[in-house]
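As structure tokens, the structure follows; a few thoughts come after it.
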Amino acid sequence: MRYFHSYGPVDCEEHFCVARTDLVQQCVSQLVANPEKSGHYFTIWAPRQCGKTWLMRQARLEIEHKYGDRFLVGMMSMQGVVFNDPDSPDEILPWFADLFEDALGIRPDPPDDWQDWTTLFRKSRGIFSKPLILFIDEFDSLPPKAIDRLVTMFRNMYLQREAYALHGLALIGVRALLGVDSDRGSPFNVQRSLHVPRFTREEVEDLFGQYQSESGQSVTPEVVQNVYGATLGQPGLVCWFGELLTTKYNPGPGMVIDRAVWSQTYRRACFSEWNNTVLNLLKKARGQYQQHVLELFTRSDIQFSIDVPWCSYLYLNGIIDRTEVMDDRGETLDVCRFASPFIQQRLYNALTRDLMGEQTPILALEPLDDLADVFSGPELDLPALLERYTAYLNRLKAAGRNPCQDQPRRSDLHYTEYVGHFHLYFWLQNAVQDHCIVSPEFPTGNGRVDLHLKCPRNEGGKEGVIEVKSYINQAKMHRHIDQAANYARNLGLPSITLALFVPVEDEAVLAKLSGTHEIEGVRVMVKAIGWV
């Protein structure tokens, strides 16, 4: 029986897979174009573990099936090419003997210089007896100067196509616009750049349908929808969750993979399961653009632009995506969103510890506080819990402790709101860890963090939600209250608490912003928290 596979290219004979026939045909048509004249030079791009190498292999098989031996088709990878001096593009030249041998079974003499390298591709004096279609995988793993030199050489071949055997060329990596690495231009038409999309909801359903047909084990539709909802179809993560659900945490033959199995699997994926793709994203998010990543947790209006370095970097590496929204004037904007709820969750967990450490600098609660008023009533008294949080902030201040030592400030010298969001979550984990589980959820993308508090059944099974927002103006605050009421209604909760971080210290202002609002039978309890 086949199985889910999440690392490296998928083999449809061994693994559950999606055919993606239209995507393969699109790639083939770009490479071949006019068989009598020339194909196109273009890029295939997507974040890691999205199926780029699989697409390359499928396109090669389709070309060989459709055109027989009319073309030489080679797949070359730059992943193993090592440079001692990244500023010397000539260091790649000795590698080409092995690269061509691995890709095409043809071993030329290593070129002495770039003119010799170009000669390899000439129709009159080169080494290829047929038109060549070449895939170069992991192209952007090369140093920038090597990329610049190769792009320049390919540009020259493209402009003199009648003299060269290179019929079609696909450069494969995470970056879409190879021209950015060359001041002399690029042969790669941006409009022909092929982005490998995520799986659709129907494709995820198809994958799990294949598993159910071959294994005879049922997977509830809710679980399949949860896999898609958590990953938004990122291929590597979809198949990874498939592996976890059907192998490591499979309840056993004859048992149904249901909500309980999903909950256990997702929790462990968030905290205790290793995944190279996730670790790679965490490393990049902790890099030079970490502050931009942090701001995305509290703002939903950050405009997306591929021309902004931090935005394009996070987008092309699979940390963020873009979505269309309508602004207050009714205009459509592209704004930044995290790539998926699961990635957002992993980032939130990791960055909380990066920012706040492992323990609070003073006791999270007063020594004799047993939180009885919070947990003994018919429902959780979350405003009372937030009163403890503001008291904690005051005790820190009185002790001369800065809750956000060394954390960045805005241009007006106030602390950025995202620091407050992470600080509240960190405090809650310490304050109520013996009473309930606190888990962050991100139901509508950026700019909204919902902290779910869930008590175990032996303590009544109570649950409540604290929605965390930053104060901008009164109009947006009223909108936040309405949205919170709708969310609580959808969860079947009679109330919801809105923790509103406000960049003022005036207690009178904070008191006016706080209060209870009744919205169509749902109580929205606002607690304004001064954060300066």
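By order of appearance in the structure tokens: chains A, B, ..., then residues from 1 within every chain, and ligands from 1 in the order shown.
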Can you list, as number ranges by chain, every residue of range 165-379 of chain A that DSSP puts in helix (DSSP H, G or I)?
A: 178-181, 190-192, 201-215, 221-231, 235-248, 259-271, 276-285, 290-295, 309-316, 341-356, 372-375
Distance query Val82 in chain A at most 9 Å, only C-alpha atoms, self and fewer than 3 positions along chain excluded, as a PyMOL selection string
chain A and resi 78-79+86+91-92+142
Applying 9 Å and only C-alpha atoms, which residues near Leu207 in chain A remain after dropping the ones on its own chain fewer than 5 positions away? List them as a PyMOL selection string.
chain A and resi 4+16-18+202+212+239+242
Mind dumping the selected residues with N, CA and C atoms as a compact mmCIF listing (two decimals), in the first residue's frame?
# COMPACT_ATOMS: atom_id res chain seq x y z
N PHE A 4 1.86 8.32 2.82
CA PHE A 4 2.15 9.75 2.74
C PHE A 4 3.65 9.97 2.85
N PHE A 16 1.03 8.55 -1.86
CA PHE A 16 -0.20 9.23 -2.26
C PHE A 16 0.19 10.55 -2.91
N CYS A 17 -0.42 10.86 -4.04
CA CYS A 17 0.00 12.05 -4.77
C CYS A 17 -1.17 12.64 -5.54
N VAL A 18 -1.00 13.90 -5.91
CA VAL A 18 -1.97 14.61 -6.73
C VAL A 18 -1.37 14.77 -8.12
N GLU A 202 -9.89 20.59 -2.66
CA GLU A 202 -10.29 19.35 -3.35
C GLU A 202 -9.10 18.40 -3.50
N GLN A 212 -7.94 6.36 2.22
CA GLN A 212 -9.09 5.59 2.72
C GLN A 212 -9.42 4.42 1.79
N CYS A 239 1.23 16.69 3.55
CA CYS A 239 1.70 15.30 3.56
C CYS A 239 2.33 14.93 4.90
N GLY A 242 -0.43 14.13 7.04
CA GLY A 242 -0.90 12.82 6.60
C GLY A 242 -0.06 11.70 7.20
Selection: 7 Å around range 429-438 of chain A, only C-alpha atoms, excl. self and same-chain fewer than 5 positions, as a PyMOL selection string
chain A and resi 364-365+451-456
I'd like the interatomic distance between CA of Glu13 in chain A and CA of Asp206 in chain A, to a tenth of an Å.
15.8 Å
